[in-house]
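Novice: As input, take my_file22.txt (compact mmCIF, C-alpha atoms):
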```txt
# COMPACT_ATOMS: atom_id res chain seq x y z
CA MET A 682 0.00 0.00 0.00
CA VAL A 683 1.24 3.48 -0.81
CA ALA A 684 0.40 6.62 1.12
CA SER A 685 -1.73 9.02 -0.80
CA GLY A 686 0.28 11.53 -2.78
CA LYS A 687 3.49 9.51 -2.63
CA GLN A 688 5.01 7.86 -5.68
CA SER A 689 6.91 4.93 -4.30
CA ALA A 690 7.24 1.24 -5.05
CA ASP A 691 7.91 0.48 -1.39
CA PRO A 692 5.01 -0.45 0.81
CA HIS A 693 3.87 2.27 3.16
CA ARG A 694 4.83 0.68 6.45
CA PRO A 695 2.48 2.60 8.77
CA SER A 696 -0.43 1.59 6.52
CA GLU A 697 0.71 -2.01 6.79
CA ILE A 698 0.72 -1.74 10.58
CA LEU A 699 -2.83 -0.44 10.60
CA ASP A 700 -4.05 -3.02 8.09
CA THR A 701 -2.49 -5.84 10.08
CA LEU A 702 -4.09 -4.69 13.32
CA LYS A 703 -7.49 -4.58 11.62
CA ASN A 704 -6.99 -8.01 10.05
CA LEU A 705 -6.04 -9.52 13.39
CA GLY A 706 -9.16 -8.15 15.05
CA PHE A 707 -7.64 -5.48 17.26
CA GLY A 708 -10.61 -3.53 18.53
CA VAL A 709 -8.91 -0.83 20.53
CA ALA A 710 -5.64 1.08 20.77
CA ILE A 711 -4.49 2.94 23.85
CA ALA A 712 -1.99 5.71 23.18
CA VAL A 713 0.16 8.47 24.56
CA PRO A 714 1.48 10.90 21.95
CA ASP A 715 4.89 11.00 20.30
CA SER A 716 5.60 13.06 17.21
CA TRP A 717 6.24 9.93 15.14
CA LEU A 718 2.89 8.48 16.24
CA GLY A 719 0.68 11.49 15.62
CA GLU A 720 -0.75 10.64 12.23
CA ILE A 721 -1.25 6.91 12.69
CA LEU A 722 -3.31 7.70 15.80
CA VAL A 723 -5.51 9.99 13.72
CA LYS A 724 -5.95 7.18 11.18
CA ILE A 725 -6.98 4.79 13.95
CA GLU A 726 -9.54 7.32 15.15
CA GLN A 727 -11.02 7.27 11.67
CA GLU A 728 -11.29 3.47 11.57
CA PRO A 729 -14.83 2.21 12.14
CA THR A 730 -13.64 -1.13 13.57
CA MET A 731 -11.15 0.33 16.03
CA ARG A 732 -11.36 2.70 18.94
CA LEU A 733 -8.57 4.98 20.12
CA VAL A 734 -8.20 6.02 23.74
CA ARG A 735 -5.79 8.86 24.42
CA ALA A 736 -4.33 8.49 27.92
CA THR A 737 -2.43 11.09 29.92
CA HIS A 738 0.49 8.87 30.96
CA GLU A 739 1.92 5.58 29.78
CA GLU A 740 1.44 3.68 33.04
CA GLU A 741 -2.19 4.79 33.02
CA ALA A 742 -2.39 3.68 29.37
CA LEU A 743 -1.04 0.28 30.36
CA ALA A 744 -3.77 -0.14 32.98
CA ILE A 745 -6.50 0.92 30.54
CA ALA A 746 -5.11 -1.64 28.09
CA CYS A 747 -5.23 -4.34 30.77
CA GLY A 748 -8.87 -3.40 31.35
CA THR A 749 -9.90 -3.55 27.70
CA ARG A 750 -8.15 -6.90 27.32
CA LEU A 751 -9.75 -8.19 30.50
CA GLY A 752 -13.10 -7.27 28.98
CA GLY A 753 -12.35 -9.22 25.82
CA LEU A 754 -10.99 -6.69 23.33
CA ARG A 755 -7.74 -7.41 21.56
CA THR A 756 -5.65 -4.40 22.53
CA ALA A 757 -2.65 -2.57 21.13
CA MET A 758 -0.71 0.24 22.74
CA PHE A 759 1.13 3.04 20.98
CA VAL A 760 3.74 4.78 23.11
CA GLN A 761 7.21 6.24 22.88
CA ASN A 762 10.07 4.39 24.57
CA ALA A 763 10.04 7.09 27.25
CA GLY A 764 6.76 5.52 28.26
CA LEU A 765 8.34 2.12 28.69
CA LEU A 766 10.77 3.71 31.11
CA SER A 767 8.01 5.33 33.14
CA MET A 768 5.58 2.42 33.36
CA GLY A 769 7.84 -0.07 35.11
CA ALA A 770 5.85 -0.62 38.30
CA GLY A 771 2.57 -1.16 36.49
CA MET A 772 4.30 -3.43 34.03
CA VAL A 773 5.62 -5.83 36.64
CA SER A 774 2.85 -5.64 39.24
CA LEU A 775 -0.17 -5.53 36.93
CA ALA A 776 0.41 -6.44 33.28
CA GLN A 777 3.01 -9.15 33.87
CA ARG A 778 1.73 -10.30 37.25
CA TYR A 779 -1.77 -10.90 35.88
CA GLN A 780 -0.42 -12.13 32.53
CA PHE A 781 -2.17 -9.75 30.18
CA PRO A 782 -1.29 -10.32 26.51
CA LEU A 783 -0.76 -6.83 25.09
CA LEU A 784 0.86 -5.71 21.86
CA MET A 785 2.98 -2.64 22.51
CA LEU A 786 4.03 -0.68 19.44
CA VAL A 787 6.80 1.63 20.50
CA SER A 788 8.42 4.53 18.68
CA TYR A 789 12.08 3.90 19.43
CA ARG A 790 13.57 7.32 19.96
CA GLY A 791 17.19 8.13 20.72
CA THR A 792 18.96 5.67 18.45
CA ILE A 793 21.79 6.94 16.28
CA GLU A 794 19.31 7.45 13.46
CA ASP A 795 17.08 9.78 15.45
CA PRO A 796 17.82 13.37 14.40
CA VAL A 797 16.44 14.78 17.66
CA PHE A 798 19.46 14.65 19.93
CA TYR A 799 17.72 15.02 23.26
CA HIS A 800 16.13 11.59 22.92
CA THR A 801 19.57 9.96 23.20
CA PRO A 802 19.46 9.40 26.99
CA LYS A 803 16.28 7.35 26.58
CA GLY A 804 17.60 5.45 23.59
CA ARG A 805 20.74 4.31 25.32
CA VAL A 806 18.95 2.79 28.30
CA THR A 807 15.76 1.43 26.74
CA GLU A 808 16.87 -2.10 25.97
CA PRO A 809 18.79 -2.61 29.24
CA VAL A 810 15.68 -1.48 31.12
CA LEU A 811 13.43 -3.82 29.15
CA LYS A 812 15.78 -6.69 29.93
CA GLY A 813 15.85 -5.63 33.56
CA ILE A 814 12.07 -5.71 33.98
CA GLY A 815 11.73 -8.85 31.88
CA LEU A 816 9.61 -7.27 29.16
CA ALA A 817 9.74 -9.37 26.00
CA TYR A 818 10.63 -7.26 22.98
CA ALA A 819 12.13 -7.16 19.49
CA LEU A 820 13.44 -4.53 17.13
CA ALA A 821 11.49 -4.25 13.92
CA ASP A 822 13.60 -5.12 10.88
CA ARG A 823 13.24 -2.37 8.31
CA HIS A 824 14.40 -4.66 5.52
CA ARG A 825 11.45 -6.99 5.95
CA PRO A 826 7.74 -6.26 5.57
CA ILE A 827 6.34 -4.83 8.78
CA GLY A 828 2.94 -6.55 8.68
CA PRO A 829 4.19 -10.07 9.45
CA GLN A 830 6.41 -8.66 12.21
CA ILE A 831 3.34 -7.10 13.83
CA GLU A 832 1.50 -10.41 13.55
CA ARG A 833 4.34 -12.36 15.12
CA ALA A 834 4.65 -9.88 17.96
CA ALA A 835 0.90 -10.12 18.58
CA THR A 836 1.05 -13.91 18.49
CA TYR A 837 3.96 -13.94 20.92
CA ALA A 838 1.99 -11.84 23.40
CA GLU A 839 -0.95 -14.23 23.26
CA GLU A 840 1.03 -17.45 23.31
CA ALA A 841 3.25 -16.28 26.17
CA SER A 842 0.42 -14.47 28.01
CA CYS A 843 2.45 -11.33 28.50
CA PRO A 844 2.98 -7.89 27.05
CA PHE A 845 5.32 -7.76 24.05
CA ALA A 846 7.03 -4.59 22.83
CA LEU A 847 7.98 -4.11 19.18
CA LEU A 848 10.45 -1.24 18.85
CA LEU A 849 9.75 0.73 15.68
CA SER A 850 11.81 3.14 13.62
CA GLN A 851 10.54 6.41 12.20
CA GLU A 852 9.87 4.92 8.77
CA ASP A 853 7.93 2.08 10.30
CA VAL A 854 5.41 4.18 12.12
CA GLN A 855 5.43 7.82 11.04
CA TRP A 856 2.64 8.21 8.49
CA MET B 981 -14.09 15.73 53.53
CA VAL B 982 -13.20 13.31 56.32
CA ASN B 983 -14.23 13.56 59.94
CA ALA B 984 -12.63 10.55 61.62
CA ALA B 985 -14.92 10.86 64.64
CA ILE B 986 -18.22 10.62 62.79
CA SER B 987 -17.48 9.32 59.29
CA PRO B 988 -18.87 5.90 58.42
CA SER B 989 -16.60 2.91 57.99
CA ARG B 990 -15.68 1.30 54.69
CA ALA B 991 -17.78 -1.68 55.81
CA ASP B 992 -20.84 0.55 56.18
CA TYR B 993 -20.51 1.65 52.57
CA TYR B 994 -19.71 -1.86 51.38
CA GLN B 995 -22.91 -3.15 52.95
CA VAL B 996 -24.86 -0.62 50.92
CA LEU B 997 -22.91 -1.57 47.82
CA ALA B 998 -23.70 -5.26 48.37
CA ASP B 999 -27.39 -4.41 48.86
CA THR B 1000 -27.68 -2.21 45.79
CA LEU B 1001 -25.29 -3.93 43.40
CA PRO B 1002 -26.85 -4.61 40.01
CA LYS B 1003 -26.90 -8.33 39.28
CA ASP B 1004 -24.78 -8.03 36.17
CA ALA B 1005 -22.27 -5.55 37.63
CA LEU B 1006 -18.52 -6.00 37.35
CA VAL B 1007 -16.57 -4.76 40.36
CA VAL B 1008 -12.91 -3.71 40.40
CA THR B 1009 -11.34 -3.08 43.80
CA SER B 1010 -8.08 -1.35 44.61
CA LEU B 1011 -5.32 -2.89 46.71
CA GLY B 1012 -5.46 -3.58 50.46
CA ASN B 1013 -8.70 -3.51 52.39
CA ALA B 1014 -10.56 -2.21 49.36
CA SER B 1015 -10.17 -5.73 47.97
CA TYR B 1016 -9.80 -7.76 51.18
CA LEU B 1017 -12.98 -6.47 52.79
CA TRP B 1018 -15.02 -6.67 49.60
CA ALA B 1019 -13.91 -10.28 49.14
CA ALA B 1020 -14.92 -10.99 52.75
CA MET B 1021 -18.33 -9.37 52.36
CA HIS B 1022 -19.33 -10.12 48.80
CA HIS B 1023 -17.01 -12.43 46.92
CA ARG B 1024 -18.19 -13.36 43.43
CA PRO B 1025 -16.42 -14.26 40.19
CA GLU B 1026 -17.30 -10.91 38.66
CA ASN B 1027 -14.98 -9.19 41.15
CA PHE B 1028 -11.53 -8.22 39.92
CA TYR B 1029 -9.22 -7.77 42.90
CA PHE B 1030 -6.06 -5.71 42.77
CA GLU B 1031 -3.16 -7.20 44.66
CA ASP B 1032 -0.86 -4.19 44.28
CA ALA B 1033 -0.42 -1.68 41.41
CA MET B 1034 -1.60 1.25 43.47
CA GLY B 1035 -3.43 3.89 41.48
CA LEU B 1036 -4.20 1.69 38.50
CA ALA B 1037 -7.61 0.30 39.47
CA LEU B 1038 -9.41 3.33 38.04
CA PRO B 1039 -7.79 3.24 34.60
CA LEU B 1040 -8.20 -0.54 34.41
CA ALA B 1041 -11.89 -0.13 35.21
CA LEU B 1042 -12.15 2.49 32.49
CA GLY B 1043 -10.79 -0.01 29.99
CA LEU B 1044 -13.16 -2.67 31.25
CA ALA B 1045 -16.13 -0.30 30.88
CA ILE B 1046 -15.10 0.37 27.28
CA ALA B 1047 -14.86 -3.34 26.52
CA GLN B 1048 -18.11 -4.27 28.29
CA PRO B 1049 -20.47 -1.40 27.47
CA GLU B 1050 -23.62 -3.39 28.27
CA ARG B 1051 -22.63 -4.12 31.87
CA PRO B 1052 -22.32 -1.76 34.82
CA VAL B 1053 -18.70 -1.46 35.96
CA ILE B 1054 -18.03 -0.27 39.50
CA VAL B 1055 -14.55 0.55 40.76
CA VAL B 1056 -13.55 1.16 44.37
CA GLU B 1057 -10.48 3.37 44.56
CA GLY B 1058 -8.89 5.30 47.43
CA ASP B 1059 -8.00 8.97 47.70
CA GLY B 1060 -4.29 8.18 48.02
CA ALA B 1061 -4.38 5.88 45.01
CA LEU B 1062 -6.18 8.51 42.96
CA MET B 1063 -3.50 11.05 43.75
CA MET B 1064 -0.86 8.71 42.32
CA HIS B 1065 -2.52 8.82 38.91
CA MET B 1066 -4.60 11.96 38.88
CA GLY B 1067 -4.41 12.04 35.09
CA ALA B 1068 -6.78 9.09 34.95
CA LEU B 1069 -9.54 11.45 36.05
CA VAL B 1070 -9.03 13.45 32.89
CA THR B 1071 -9.14 10.35 30.72
CA VAL B 1072 -12.31 9.13 32.43
CA GLY B 1073 -13.83 12.58 31.89
CA ALA B 1074 -12.91 12.50 28.23
CA VAL B 1075 -14.15 8.98 27.52
CA ALA B 1076 -17.10 9.31 29.93
CA PRO B 1077 -18.53 5.80 29.76
CA ALA B 1078 -22.05 5.90 31.21
CA ASN B 1079 -21.73 2.34 32.52
CA LEU B 1080 -18.83 3.27 34.84
CA THR B 1081 -19.35 4.20 38.49
CA VAL B 1082 -16.35 5.32 40.50
CA LEU B 1083 -16.57 4.91 44.28
CA LEU B 1084 -13.77 6.91 45.81
CA ILE B 1085 -13.13 6.13 49.47
CA GLN B 1086 -11.85 9.38 50.98
CA ASN B 1087 -10.34 8.48 54.34
CA GLY B 1088 -7.55 11.04 54.33
CA VAL B 1089 -4.69 8.59 54.70
CA HIS B 1090 -2.73 5.95 52.85
CA ALA B 1091 -4.59 3.20 54.69
CA ALA B 1092 -2.91 0.33 52.84
CA SER B 1093 0.49 1.46 54.05
CA GLY B 1094 -0.47 1.85 57.68
CA GLY B 1095 -2.25 5.18 57.72
CA GLN B 1096 0.53 7.46 56.55
CA ALA B 1097 -0.44 11.03 55.77
CA LEU B 1098 -1.67 12.02 52.34
CA THR B 1099 -0.06 14.90 50.53
CA ASN B 1100 -3.37 16.72 50.94
CA ALA B 1101 -6.21 15.09 52.87
CA ASN B 1102 -8.71 17.92 52.46
CA LEU B 1103 -9.31 18.20 48.76
CA ASP B 1104 -12.82 18.50 47.40
CA LEU B 1105 -12.47 15.45 45.20
CA ALA B 1106 -15.92 15.75 43.64
CA ALA B 1107 -15.06 19.27 42.51
CA LEU B 1108 -11.77 17.97 41.18
CA ALA B 1109 -13.61 15.29 39.21
CA ARG B 1110 -16.03 17.86 37.80
CA SER B 1111 -13.09 19.99 36.72
CA ALA B 1112 -11.71 16.93 34.95
CA GLY B 1113 -14.91 16.63 32.94
CA ILE B 1114 -16.88 14.17 35.09
CA GLY B 1115 -20.16 15.99 35.50
CA ARG B 1116 -21.94 13.47 37.72
CA ALA B 1117 -19.62 13.84 40.73
CA GLN B 1118 -20.76 14.30 44.31
CA ASN B 1119 -19.38 14.11 47.84
CA ILE B 1120 -21.25 11.69 50.09
CA ALA B 1121 -20.99 11.48 53.87
CA THR B 1122 -23.52 8.82 54.92
CA PRO B 1123 -24.47 5.29 53.87
CA GLU B 1124 -28.04 6.50 53.40
CA ALA B 1125 -27.00 9.12 50.89
CA PHE B 1126 -24.85 6.50 49.16
CA ALA B 1127 -27.82 4.14 48.95
CA SER B 1128 -29.94 6.89 47.40
CA ALA B 1129 -27.25 7.62 44.85
CA MET B 1130 -26.89 3.96 43.95
CA ARG B 1131 -30.64 3.52 43.59
CA ALA B 1132 -31.08 6.63 41.46
CA PRO B 1133 -31.74 5.69 37.86
CA ALA B 1134 -28.76 6.04 35.59
CA ASP B 1135 -29.40 8.98 33.32
CA GLY B 1136 -26.98 7.77 30.70
CA ASP B 1137 -25.03 10.97 30.86
CA GLY B 1138 -21.44 10.01 31.49
CA THR B 1139 -19.56 8.43 34.35
CA ARG B 1140 -20.85 8.61 37.93
CA PHE B 1141 -18.24 9.62 40.54
CA LEU B 1142 -19.19 9.23 44.20
CA VAL B 1143 -16.73 10.36 46.87
CA LEU B 1144 -17.45 8.42 50.07
CA SER B 1145 -16.15 10.07 53.22
CA ALA B 1146 -14.93 7.27 55.49
CA ARG B 1147 -12.87 6.87 58.60
CA PRO B 1148 -9.50 5.20 58.06
CA ASP B 1149 -9.35 1.42 58.27
CA THR B 1150 -5.71 0.59 58.85
CA GLU B 1151 -6.27 -2.84 60.41
CA VAL B 1152 -5.77 -5.34 57.64
CA VAL B 1153 -8.73 -7.61 56.93
CA LYS B 1154 -7.79 -11.19 56.19
CA PRO B 1155 -9.37 -12.09 52.86
CA PRO B 1156 -11.29 -15.38 52.79
CA ILE B 1157 -9.91 -16.43 49.42
CA ALA B 1158 -6.53 -16.70 47.79
CA PHE B 1159 -5.60 -13.56 45.86
CA ASP B 1160 -3.75 -15.38 43.11
CA PRO B 1161 -3.67 -12.81 40.26
CA VAL B 1162 -3.93 -15.24 37.37
CA LEU B 1163 -6.73 -17.14 39.09
CA THR B 1164 -8.54 -13.85 39.71
CA LYS B 1165 -8.27 -12.96 36.04
CA HIS B 1166 -9.26 -16.41 34.79
CA ARG B 1167 -12.27 -16.59 37.12
CA PHE B 1168 -13.37 -13.15 35.98
CA THR B 1169 -13.02 -13.71 32.24
CA THR B 1170 -14.78 -17.06 32.49
CA ALA B 1171 -17.66 -15.47 34.42
CA ILE B 1172 -18.21 -12.76 31.83
CA GLY B 1173 -17.71 -15.07 28.86
CA ALA B 1174 -14.89 -13.00 27.45
CA PRO B 1175 -13.51 -14.18 24.11
CA ARG B 1176 -10.43 -16.39 24.32
CA TYR B 1177 -7.40 -16.47 22.08
CA VAL B 1178 -7.60 -19.41 19.72
CA PRO B 1179 -4.21 -20.13 18.18
CA THR B 1180 -3.46 -21.54 14.80
CA MET B 1181 -0.46 -23.75 14.18
CA PHE B 1182 1.65 -21.06 12.56
CA GLY B 1183 0.42 -17.87 14.18
CA GLY B 1184 -2.35 -15.50 13.26
CA GLY B 1185 -4.80 -16.65 15.95
CA ARG B 1186 -7.90 -14.67 16.87
CA LEU B 1187 -10.01 -13.89 19.91
CA GLN B 1188 -13.17 -15.97 19.71
CA LYS B 1189 -16.26 -16.49 21.83
CA GLU B 1190 -16.63 -20.07 22.98
```
Show me this structure written as structure tokens.
Specialist:
Amino acid sequence: MVASGKQSADPHRPSEILDTLKNLGFGVAIAVPDSWLGEILVKIEQEPTMRLVRATHEEEALAIACGTRLGGLRTAMFVQNAGLLSMGAGMVSLAQRYQFPLLMLVSYRGTIEDPVFYHTPKGRVTEPVLKGIGLAYALADRHRPIGPQIERAATYAEEASCPFALLLSQEDVQW
Amino acid sequence: MVNAAISPSRADYYQVLADTLPKDALVVTSLGNASYLWAAMHHRPENFYFEDAMGLALPLALGLAIAQPERPVIVVEGDGALMMHMGALVTVGAVAPANLTVLLIQNGVHAASGGQALTNANLDLAALARSAGIGRAQNIATPEAFASAMRAPADGDGTRFLVLSARPDTEVVKPPIAFDPVLTKHRFTTAIGAPRYVPTMFGGGRLQKE
């Protein structure tokens, strides 16, 4: 799929993310803003089969996501990696403790490819922190289609009964 | 506002809740006595007990109310827990599910941690909720007023937010059941008939009703 107005042979990766979520029956997304995420969140709001909830903080978003999943909705989260750093207590004592399968789609800021320098402190500690709190995760591979990676991450969360974070680059998620 | 000398106990309010609870209601209770006492007085599979995760009962209940719009969802949260995640008030005000009732026990202390002082024990929490966009918010000081509020017909106009002034209950109630988190979740999802994940051999499973 190609974004409107763009002439490109490459698939439009954010569109693939959204299409995959719809195909897998995700009924709700819980989000906290990041500049890379802004437009895909608007697209979700426009989807008749999905609902977007905008939370004020990532740990709060995590708890809302646990609630929607508890009630039977397949649930995705969209947050920046800063949010992974600030949701640690809720992650271990709620989402992991109660074994909620959640797909977490994370804009991975502060890598060497991020032009905004002040994200660097978050980028350098994100993966060590995820390992420290035992949050299963993977880095999206930009050389492979993103849709199947979303599906595998979602399947992992369900099969392992735990949250799973897929760390996304700008071209993966920025519409 | 709390007056420790004359305010009702949590048990007084819980008795009213047990007496007025809609049959199909789902109940989420915060950590500590909020869960222990409710389990002792009115255990049922449609209760979701928090073991820890202070401050997250309200946002979880919001998510549950979104996912189960046909069922009343009632959450019991404490004033200290609310202060840990005050932003959740704003999200509840924005989403405003009419099937959600928030019961906020205002006892002026962190009861679950032994009665330590709150940052501010004298806030008008109903006014705070109204400022956050929750129009149906009121302070309640007696079980009788609570019973009236619970029996009032839902007007379908957003979330109901009842602040229950209570004296602190720092003595820990021993719950009559095991608070195993996964068991709590499994019992709850089975009771409400929530869809389950049905895998396929090579991925791509779906949530399906049994």
Novice: Would you give me, as a Markdown table, each residue of chain A having an atom within 6 Å of an atom of chain B, along with its shortest atom pair and that distance in Å to one decimal, using all atoms listed in the file and sorting by chain and residue number?
Specialist:
```
| residue | atom | partner | partner_atom | distance |
| --- | --- | --- | --- | --- |
| A:Ala736 | CA | B:Thr1071 | CA | 5.9 |
| A:Thr737 | CA | B:Gly1067 | CA | 5.6 |
| A:Ala744 | CA | B:Leu1040 | CA | 4.7 |
| A:Ile745 | CA | B:Gly1043 | CA | 4.4 |
| A:Gly748 | CA | B:Gly1043 | CA | 4.1 |
| A:Thr749 | CA | B:Gly1043 | CA | 4.3 |
| A:Gly752 | CA | B:Ala1047 | CA | 5.0 |
| A:Gly753 | CA | B:Ala1174 | CA | 4.8 |
| A:Gly771 | CA | B:Ala1033 | CA | 5.8 |
| A:Ser774 | CA | B:Ala1033 | CA | 5.6 |
| A:Leu775 | CA | B:Ala1033 | CA | 5.9 |
| A:Tyr779 | CA | B:Val1162 | CA | 5.1 |
| A:Thr836 | CA | B:Gly1183 | CA | 5.9 |
```
Novice: List as a tab-separated table (two decimals) with C-alpha atoms, in the coordinates of the input: which residues have an atom within 6 Å of (-8.0, -3.0, 15.3), counting only C-alpha atoms?
Specialist:
```tsv
chain	number	residue	atom	x	y	z
A	702	LEU	CA	-4.09	-4.69	13.32
A	703	LYS	CA	-7.49	-4.58	11.62
A	706	GLY	CA	-9.16	-8.15	15.05
A	707	PHE	CA	-7.64	-5.48	17.26
A	708	GLY	CA	-10.61	-3.53	18.53
A	709	VAL	CA	-8.91	-0.83	20.53
A	731	MET	CA	-11.15	0.33	16.03
```
Novice: Hey, which of A:Leu751, A:Val734, A:Ser696, A:His824 ends up closest to Thr1170 in chain B? Count only C-alpha atoms.
Specialist: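 Smallest distance to Thr1170 in chain B is found for A:Leu751.
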Novice: Excluding same-chain residues fewer than 5 positions from range 1117-1126 of chain B, what lies within 9 Å of it counting all atoms listed in the file, as a CSV table (one decimal) with C-alpha atoms, keeping the file's coordinate frame?
Specialist:
```
chain,number,residue,atom,x,y,z
B,981,MET,CA,-14.1,15.7,53.5
B,982,VAL,CA,-13.2,13.3,56.3
B,987,SER,CA,-17.5,9.3,59.3
B,988,PRO,CA,-18.9,5.9,58.4
B,992,ASP,CA,-20.8,0.6,56.2
B,993,TYR,CA,-20.5,1.6,52.6
B,994,TYR,CA,-19.7,-1.9,51.4
B,995,GLN,CA,-22.9,-3.2,53.0
B,996,VAL,CA,-24.9,-0.6,50.9
B,997,LEU,CA,-22.9,-1.6,47.8
B,1104,ASP,CA,-12.8,18.5,47.4
B,1105,LEU,CA,-12.5,15.4,45.2
B,1106,ALA,CA,-15.9,15.8,43.6
B,1107,ALA,CA,-15.1,19.3,42.5
B,1108,LEU,CA,-11.8,18.0,41.2
B,1109,ALA,CA,-13.6,15.3,39.2
B,1110,ARG,CA,-16.0,17.9,37.8
B,1131,ARG,CA,-30.6,3.5,43.6
B,1139,THR,CA,-19.6,8.4,34.4
B,1140,ARG,CA,-20.8,8.6,37.9
B,1141,PHE,CA,-18.2,9.6,40.5
B,1142,LEU,CA,-19.2,9.2,44.2
B,1143,VAL,CA,-16.7,10.4,46.9
B,1144,LEU,CA,-17.4,8.4,50.1
B,1145,SER,CA,-16.2,10.1,53.2
B,1146,ALA,CA,-14.9,7.3,55.5
```
Novice: Provide the CA of Gln1096 in chain B to CA of Leu1062 in chain B distance in Å, to one decimal place.
Specialist: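 Computed distance, CA of Gln1096 in chain B to CA of Leu1062 in chain B, equals 15.2 Å.
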Novice: Rounded to one decimal, what separation in Å do you get between CA of Asp853 in chain A and CA of Arg805 in chain A?
Specialist: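 Interatomic distance here is 19.9 Å.
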Novice: Nearest to Thr1000 in chain B: which of B:Ile1054, B:Gly1060, B:Leu1080, B:Val1089 is it, counting only C-alpha atoms?
Specialist: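 Among the listed residues, the smallest separation from Thr1000 in chain B belongs to B:Ile1054.
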Novice: To one decimal place in Å, what is the distance between CA of Ser788 in chain A and CA of Ala757 in chain A?
Specialist: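 Distance between the two atoms: 13.4 Å.
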Novice: Quick one: of A:Glu741, A:Glu697, A:Glu840, A:Glu808, who's nearest to Leu766 in chain A, counting all atoms listed in the file?
Specialist: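 Looking at the shortest contact to Leu766 in chain A, the residue is A:Glu808.
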Novice: Quick one: residues within 10 Å of Pro695 in chain A, all atoms listed in the file, excluding same-chain residues fewer than 6 positions away - as a VMD selection string?
Specialist: chain A and resid 682 to 684 701 718 720 to 721 724 827 to 828 851 to 856
Novice: Using all atoms listed in the file, can you tell me which of B:Pro1148, B:Gly1012, B:Pro1025, B:Pro1077 comes closest to Ala1171 in chain B?
Specialist: B:Pro1025
Novice: Could you give me, as a list of chain:residue names, the residues within 7 Å of Asn1013 in chain B, counting all atoms listed in the file and dropping anything in the same chain fewer than 6 positions from it?
Specialist: B:Ala1092, B:Val1152, B:Val1153
Novice: Need the neighbours of (12.2, 2.4, 29.2): which residues are at most 6 Å away, counting all atoms listed in the file, as a CSV table (one decimal) with C-alpha atoms, in the coordinates of the input?
Specialist:
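Final file, out36.csv:
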```csv
chain,number,residue,atom,x,y,z
A,762,ASN,CA,10.1,4.4,24.6
A,763,ALA,CA,10.0,7.1,27.2
A,765,LEU,CA,8.3,2.1,28.7
A,766,LEU,CA,10.8,3.7,31.1
A,807,THR,CA,15.8,1.4,26.7
A,810,VAL,CA,15.7,-1.5,31.1
```
Novice: Let me have the centre and edge lengths in Å, one decimal, of the box along x, y and z around every listed atom of range 1083-1095 of chain B with 6 Å of margin on each side, as AutoDock Vina command-line options.
Specialist:
```
--center_x -8.0 --center_y 5.7 --center_z 51.0 --size_x 29.1 --size_y 22.7 --size_z 25.4
```
Novice: I'd like the contact shell of Cys843 in chain A - 12 Å cut-off, only C-alpha atoms, skipping same-chain residues fewer than 6 positions apart - returned as a PyMOL selection string.
Specialist: (chain A and resi 747+750+772-773+775-785+815-818+834-837) or (chain B and resi 1162)
Novice: Write out as a ChimeraX atom specification which residues come within 9 Å of His800 in chain A when counting only C-alpha atoms, dropping same-chain ones fewer than 4 positions away.
Specialist: /A:763,790-792,795-796,804-805
